[in-house]
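**Q** Structure file input_20.cif (mmCIF, C-alpha atoms) right here:
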data_coords
loop_
_atom_site.group_PDB
_atom_site.id
_atom_site.type_symbol
_atom_site.label_atom_id
_atom_site.label_comp_id
_atom_site.auth_asym_id
_atom_site.auth_seq_id
_atom_site.Cartn_x
_atom_site.Cartn_y
_atom_site.Cartn_z
ATOM 1 C CA MET A 1 -130.279 108.867 90.083
ATOM 2 C CA SER A 2 -132.908 107.890 92.645
ATOM 3 C CA LYS A 3 -133.221 109.559 96.046
ATOM 4 C CA LYS A 4 -132.072 106.320 97.672
ATOM 5 C CA GLN A 5 -128.956 106.322 95.487
ATOM 6 C CA ASP A 6 -128.399 110.028 96.254
ATOM 7 C CA ILE A 7 -128.461 109.194 99.965
ATOM 8 C CA MET A 8 -126.036 106.294 99.556
ATOM 9 C CA THR A 9 -123.659 108.328 97.383
ATOM 10 C CA ALA A 10 -123.724 111.220 99.846
ATOM 11 C CA THR A 11 -123.009 108.806 102.700
ATOM 12 C CA LEU A 12 -120.017 107.265 100.919
ATOM 13 C CA ASP A 13 -118.672 110.720 100.024
ATOM 14 C CA LEU A 14 -118.985 111.917 103.618
ATOM 15 C CA ILE A 15 -117.390 108.772 105.026
ATOM 16 C CA ASP A 16 -114.509 109.262 102.596
ATOM 17 C CA GLU A 17 -114.095 112.929 103.541
ATOM 18 C CA GLU A 18 -114.776 112.886 107.286
ATOM 19 C CA GLY A 19 -114.761 109.318 108.550
ATOM 20 C CA LEU A 20 -117.707 107.220 109.604
ATOM 21 C CA GLN A 21 -117.980 108.558 113.155
ATOM 22 C CA SER A 22 -118.352 112.148 111.916
ATOM 23 C CA VAL A 23 -121.151 111.380 109.489
ATOM 24 C CA THR A 24 -124.528 112.438 110.805
ATOM 25 C CA PHE A 25 -127.965 112.206 109.271
ATOM 26 C CA SER A 26 -128.147 116.004 109.069
ATOM 27 C CA LYS A 27 -124.959 116.064 106.977
ATOM 28 C CA ILE A 28 -126.350 113.321 104.763
ATOM 29 C CA PHE A 29 -129.687 115.178 104.343
ATOM 30 C CA LYS A 30 -127.833 118.295 103.265
ATOM 31 C CA ARG A 31 -125.387 116.534 100.910
ATOM 32 C CA ALA A 32 -128.093 114.356 99.312
ATOM 33 C CA ASN A 33 -130.572 117.258 99.243
ATOM 34 C CA VAL A 34 -133.306 115.195 100.886
ATOM 35 C CA GLY A 35 -135.486 115.589 103.940
ATOM 36 C CA SER A 36 -135.506 113.342 106.965
ATOM 37 C CA GLY A 37 -138.757 111.719 105.847
ATOM 38 C CA THR A 38 -137.170 110.647 102.592
ATOM 39 C CA MET A 39 -134.189 109.208 104.443
ATOM 40 C CA TYR A 40 -136.379 107.182 106.803
ATOM 41 C CA ASN A 41 -138.401 105.811 103.872
ATOM 42 C CA TYR A 42 -135.282 103.913 102.874
ATOM 43 C CA PHE A 43 -133.204 103.446 106.032
ATOM 44 C CA ALA A 44 -134.293 102.995 109.634
ATOM 45 C CA ASN A 45 -130.947 104.063 111.087
ATOM 46 C CA LYS A 46 -127.315 104.828 110.323
ATOM 47 C CA GLU A 47 -126.253 101.199 110.693
ATOM 48 C CA GLU A 48 -128.770 100.071 108.070
ATOM 49 C CA LEU A 49 -127.605 102.828 105.709
ATOM 50 C CA VAL A 50 -123.917 101.998 106.175
ATOM 51 C CA ASN A 51 -124.653 98.327 105.554
ATOM 52 C CA ALA A 52 -126.466 99.194 102.311
ATOM 53 C CA VAL A 53 -123.503 101.309 101.161
ATOM 54 C CA TYR A 54 -121.124 98.477 102.079
ATOM 55 C CA LYS A 55 -123.196 95.887 100.218
ATOM 56 C CA GLU A 56 -123.314 98.049 97.093
ATOM 57 C CA ALA A 57 -119.542 98.607 97.212
ATOM 58 C CA ARG A 58 -118.898 94.870 97.654
ATOM 59 C CA MET A 59 -121.149 94.044 94.704
ATOM 60 C CA LEU A 60 -119.289 96.569 92.558
ATOM 61 C CA MET A 61 -115.959 95.089 93.626
ATOM 62 C CA GLY A 62 -117.212 91.607 92.729
ATOM 63 C CA ASP A 63 -118.171 92.862 89.280
ATOM 64 C CA TYR A 64 -114.684 94.288 88.807
ATOM 65 C CA LEU A 65 -112.914 91.179 90.099
ATOM 66 C CA MET A 66 -114.632 88.886 87.623
ATOM 67 C CA GLN A 67 -114.184 91.039 84.497
ATOM 68 C CA ASP A 68 -112.574 88.951 81.731
ATOM 69 C CA TYR A 69 -112.000 86.075 84.163
ATOM 70 C CA ASN A 70 -111.628 82.811 82.282
ATOM 71 C CA PRO A 71 -111.794 79.661 84.427
ATOM 72 C CA ALA A 72 -110.078 77.735 81.626
ATOM 73 C CA SER A 73 -106.933 79.904 81.779
ATOM 74 C CA SER A 74 -103.774 78.822 83.566
ATOM 75 C CA LEU A 75 -103.535 79.266 87.318
ATOM 76 C CA TYR A 76 -101.134 82.174 86.870
ATOM 77 C CA GLU A 77 -103.362 83.923 84.300
ATOM 78 C CA ARG A 78 -106.409 83.567 86.550
ATOM 79 C CA PHE A 79 -104.464 84.890 89.542
ATOM 80 C CA ARG A 80 -103.142 87.777 87.460
ATOM 81 C CA CYS A 81 -106.619 88.617 86.172
ATOM 82 C CA LEU A 82 -108.078 88.706 89.693
ATOM 83 C CA GLN A 83 -105.223 90.789 91.111
ATOM 84 C CA LEU A 84 -105.213 93.175 88.170
ATOM 85 C CA ASN A 85 -108.981 93.588 88.468
ATOM 86 C CA ARG A 86 -108.624 94.232 92.218
ATOM 87 C CA LEU A 87 -106.031 96.925 91.444
ATOM 88 C CA GLN A 88 -108.207 98.435 88.694
ATOM 89 C CA PHE A 89 -111.184 98.524 91.065
ATOM 90 C CA GLY A 90 -109.081 100.455 93.567
ATOM 91 C CA ILE A 91 -107.849 102.858 90.894
ATOM 92 C CA HIS A 92 -111.295 103.512 89.397
ATOM 93 C CA CYS A 93 -113.371 103.323 92.598
ATOM 94 C CA PRO A 94 -111.119 104.604 95.383
ATOM 95 C CA LYS A 95 -113.937 105.586 97.761
ATOM 96 C CA GLU A 96 -115.533 102.180 97.510
ATOM 97 C CA PHE A 97 -112.199 100.375 97.816
ATOM 98 C CA MET A 98 -111.170 102.313 100.917
ATOM 99 C CA PHE A 99 -114.614 101.935 102.464
ATOM 100 C CA ILE A 100 -114.503 98.148 102.031
ATOM 101 C CA ASP A 101 -110.908 97.969 103.237
ATOM 102 C CA SER A 102 -111.521 100.180 106.269
ATOM 103 C CA PHE A 103 -114.903 98.915 107.412
ATOM 104 C CA SER A 104 -115.009 95.209 106.608
ATOM 105 C CA TYR A 105 -114.383 94.448 110.276
ATOM 106 C CA SER A 106 -116.250 97.390 111.761
ATOM 107 C CA PRO A 107 -119.065 96.660 114.215
ATOM 108 C CA TYR A 108 -121.268 98.757 111.898
ATOM 109 C CA ILE A 109 -121.114 96.002 109.275
ATOM 110 C CA SER A 110 -123.330 93.068 110.182
ATOM 111 C CA PRO A 111 -121.638 89.645 110.367
ATOM 112 C CA GLU A 112 -124.072 88.325 107.730
ATOM 113 C CA LEU A 113 -123.147 91.091 105.330
ATOM 114 C CA ARG A 114 -119.443 90.670 106.029
ATOM 115 C CA ALA A 115 -119.770 86.986 105.112
ATOM 116 C CA MET A 116 -121.855 87.609 101.992
ATOM 117 C CA ASP A 117 -120.520 87.018 98.549
ATOM 118 C CA ASP A 118 -121.249 89.044 95.468
ATOM 119 C CA ALA A 119 -123.324 87.985 92.462
ATOM 120 C CA HIS A 120 -120.262 86.320 90.907
ATOM 121 C CA ASN A 121 -119.137 84.484 94.062
ATOM 122 C CA SER A 122 -115.729 86.110 93.547
ATOM 123 C CA ARG A 123 -114.524 85.186 97.037
ATOM 124 C CA ASP A 124 -115.265 81.509 96.341
ATOM 125 C CA VAL A 125 -113.481 81.791 92.991
ATOM 126 C CA ILE A 126 -110.392 83.254 94.679
ATOM 127 C CA ILE A 127 -110.371 80.695 97.497
ATOM 128 C CA SER A 128 -110.816 77.850 94.975
ATOM 129 C CA LEU A 129 -107.926 79.196 92.903
ATOM 130 C CA ILE A 130 -105.699 79.289 95.994
ATOM 131 C CA ILE A 131 -106.649 75.745 97.023
ATOM 132 C CA GLU A 132 -106.064 74.498 93.470
ATOM 133 C CA GLY A 133 -102.613 76.113 93.434
ATOM 134 C CA GLN A 134 -101.789 74.570 96.798
ATOM 135 C CA LYS A 135 -102.868 71.102 95.635
ATOM 136 C CA GLN A 136 -100.624 71.496 92.590
ATOM 137 C CA GLY A 137 -97.716 72.431 94.872
ATOM 138 C CA ILE A 138 -97.414 75.870 93.241
ATOM 139 C CA LEU A 139 -98.753 78.065 96.049
ATOM 140 C CA LYS A 140 -97.648 78.154 99.679
ATOM 141 C CA GLU A 141 -99.417 75.881 102.096
ATOM 142 C CA MET A 142 -101.294 78.260 104.336
ATOM 143 C CA ASP A 143 -104.891 78.883 105.264
ATOM 144 C CA SER A 144 -106.621 79.868 102.016
ATOM 145 C CA HIS A 145 -108.397 82.795 103.688
ATOM 146 C CA LEU A 146 -105.094 84.051 105.062
ATOM 147 C CA CYS A 147 -103.569 83.775 101.586
ATOM 148 C CA HIS A 148 -106.528 85.703 100.146
ATOM 149 C CA GLN A 149 -106.036 88.400 102.775
ATOM 150 C CA LEU A 150 -102.358 88.585 101.834
ATOM 151 C CA MET A 151 -103.306 89.056 98.168
ATOM 152 C CA HIS A 152 -105.790 91.797 99.068
ATOM 153 C CA GLY A 153 -103.459 93.437 101.564
ATOM 154 C CA MET A 154 -100.651 93.844 99.066
ATOM 155 C CA ILE A 155 -102.935 95.626 96.609
ATOM 156 C CA ALA A 156 -104.525 97.707 99.389
ATOM 157 C CA SER A 157 -101.151 98.883 100.648
ATOM 158 C CA ILE A 158 -99.998 99.855 97.172
ATOM 159 C CA LEU A 159 -103.245 101.688 96.439
ATOM 160 C CA LYS A 160 -103.014 103.688 99.667
ATOM 161 C CA GLY A 161 -99.600 104.974 98.588
ATOM 162 C CA TYR A 162 -100.948 105.712 95.119
ATOM 163 C CA TYR A 163 -103.903 107.663 96.559
ATOM 164 C CA VAL A 164 -101.574 110.050 98.396
ATOM 165 C CA LYS A 165 -99.409 110.406 95.276
ATOM 166 C CA LYS A 166 -96.440 108.641 96.843
ATOM 167 C CA TYR A 167 -95.719 107.113 93.423
ATOM 168 C CA PRO A 168 -97.299 106.937 89.976
ATOM 169 C CA MET A 169 -99.102 103.920 88.631
ATOM 170 C CA ASN A 170 -97.968 103.238 85.096
ATOM 171 C CA GLU A 171 -97.909 100.023 83.070
ATOM 172 C CA LEU A 172 -94.424 99.054 84.269
ATOM 173 C CA GLN A 173 -95.373 99.429 87.934
ATOM 174 C CA ILE A 174 -98.588 97.495 87.392
ATOM 175 C CA GLN A 175 -96.608 94.620 85.857
ATOM 176 C CA GLN A 176 -94.148 94.731 88.778
ATOM 177 C CA ILE A 177 -97.022 94.654 91.268
ATOM 178 C CA MET A 178 -98.567 91.631 89.553
ATOM 179 C CA GLU A 179 -95.248 89.742 89.565
ATOM 180 C CA ALA A 180 -94.455 90.622 93.177
ATOM 181 C CA SER A 181 -97.899 89.596 94.420
ATOM 182 C CA TRP A 182 -97.599 86.278 92.553
ATOM 183 C CA LYS A 183 -94.122 85.612 93.952
ATOM 184 C CA ALA A 184 -95.350 86.408 97.469
ATOM 185 C CA ILE A 185 -97.579 83.326 97.495
ATOM 186 C CA LEU A 186 -95.448 80.952 95.401
ATOM 187 C CA VAL A 187 -93.769 77.982 97.050
#
Translate the structure described by the file into structure tokens.
**A**
Amino acid sequence: MSKKQDIMTATLDLIDEEGLQSVTFSKIFKRANVGSGTMYNYFANKEELVNAVYKEARMLMGDYLMQDYNPASSLYERFRCLQLNRLQFGIHCPKEFMFIDSFSYSPYISPELRAMDDAHNSRDVIISLIIEGQKQGILKEMDSHLCHQLMHGMIASILKGYYVKKYPMNELQIQQIMEASWKAILV
């Protein structure tokens, strides 16, 4: 792992453990085992570092969302794939998921970065799927971005309960989550 990656990993770990406001450069130096000079070679300030961590997490989430996605599948199968991938991302990458969920609207995250898409354009894929479903009369008529937020919010809420061991996450529950999230946006 590179020193830059060490710094970013340490930052994400500290944000997860202590919250963004408590993270200081001195804590990052210590956790990443780097000096201040090394840190400033890569990042001018905390905001730039947090934005880099956010961008990396969003790219990873985009990779997860598009795994096994087949644009030729039925609307339901595409929806299910995206939602299942979103859930799997949260299960396998909880720090990244919570960071994205918690800080997407933080003033630390630049508006340009907040509006960015990942390498797969997963947000566009999701919005297009919603619009297609609405045109077919299958999905509720509502703002497509609001519908996307509803889809994300359901998974986020479930994952937060899972993280604190409020309930297990087995195959039956995953199937129930997929069905409930689908029914939530059906006409």
**Q** So what do you get for CA of Asp16 in chain A versus CA of Cys93 in chain A, distance-wise?
**A**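 So the two atoms, CA of Asp16 in chain A and CA of Cys93 in chain A, lie 11.7 Å apart.
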**Q** Quick one, how far is CA of Glu112 in chain A from CA of Met154 in chain A?
**A**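 Computing it gives 25.6 Å between the two atoms.
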**Q** From the options A:Ile7, A:Leu65, A:Leu75, A:Leu20, which residue's atoms come nearest to Phe43 in chain A, counting only C-alpha atoms?
**A** A:Ile7
**Q** If the PyMOL selection byres ((chain A and resi 129-132) around 12) is run on the structure shown, which residues does it catch, given as a PyMOL selection string?
**A** chain A and resi 69-82+122-128+133-151+182+185-186
**Q** Using only C-alpha atoms, pick whichever of A:Gln21, A:Ser26, A:Asn33, A:Thr38 has the shortest atom-to-atom distance to Thr9 in chain A.
**A**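 Among the listed residues, the smallest separation from Thr9 in chain A belongs to A:Asn33.
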**Q** What would the selection look like, as a PyMOL selection string, if the PyMOL selection byres ((chain A and resi 88) around 10) were run on the coordinates I just shared?
**A** chain A and resi 61+64-65+82-87+89-94+155+159+174
**Q** If you keep C-alpha atoms, can you produce a file of those selected residues as an mmCIF file, in the coordinates of the input?
**A**
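Heads up, here's the output in selection-v4.cif:
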data_model
loop_
_atom_site.group_PDB
_atom_site.id
_atom_site.type_symbol
_atom_site.label_atom_id
_atom_site.label_comp_id
_atom_site.auth_asym_id
_atom_site.auth_seq_id
_atom_site.Cartn_x
_atom_site.Cartn_y
_atom_site.Cartn_z
ATOM 1 C CA MET A 61 -115.959 95.089 93.626
ATOM 2 C CA TYR A 64 -114.684 94.288 88.807
ATOM 3 C CA LEU A 65 -112.914 91.179 90.099
ATOM 4 C CA LEU A 82 -108.078 88.706 89.693
ATOM 5 C CA GLN A 83 -105.223 90.789 91.111
ATOM 6 C CA LEU A 84 -105.213 93.175 88.170
ATOM 7 C CA ASN A 85 -108.981 93.588 88.468
ATOM 8 C CA ARG A 86 -108.624 94.232 92.218
ATOM 9 C CA LEU A 87 -106.031 96.925 91.444
ATOM 10 C CA PHE A 89 -111.184 98.524 91.065
ATOM 11 C CA GLY A 90 -109.081 100.455 93.567
ATOM 12 C CA ILE A 91 -107.849 102.858 90.894
ATOM 13 C CA HIS A 92 -111.295 103.512 89.397
ATOM 14 C CA CYS A 93 -113.371 103.323 92.598
ATOM 15 C CA PRO A 94 -111.119 104.604 95.383
ATOM 16 C CA ILE A 155 -102.935 95.626 96.609
ATOM 17 C CA LEU A 159 -103.245 101.688 96.439
ATOM 18 C CA ILE A 174 -98.588 97.495 87.392
#
**Q** In Å to one decimal, how far is CA of Ile15 in chain A from CA of Lys46 in chain A?
**A**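 Separation of CA of Lys46 in chain A and CA of Ile15 in chain A: 11.9 Å.
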**Q** Which is closer to His120 in chain A than all the others in A:Ile100, A:Ala10, A:Leu60, A:Met39, using only C-alpha atoms?
**A** A:Leu60
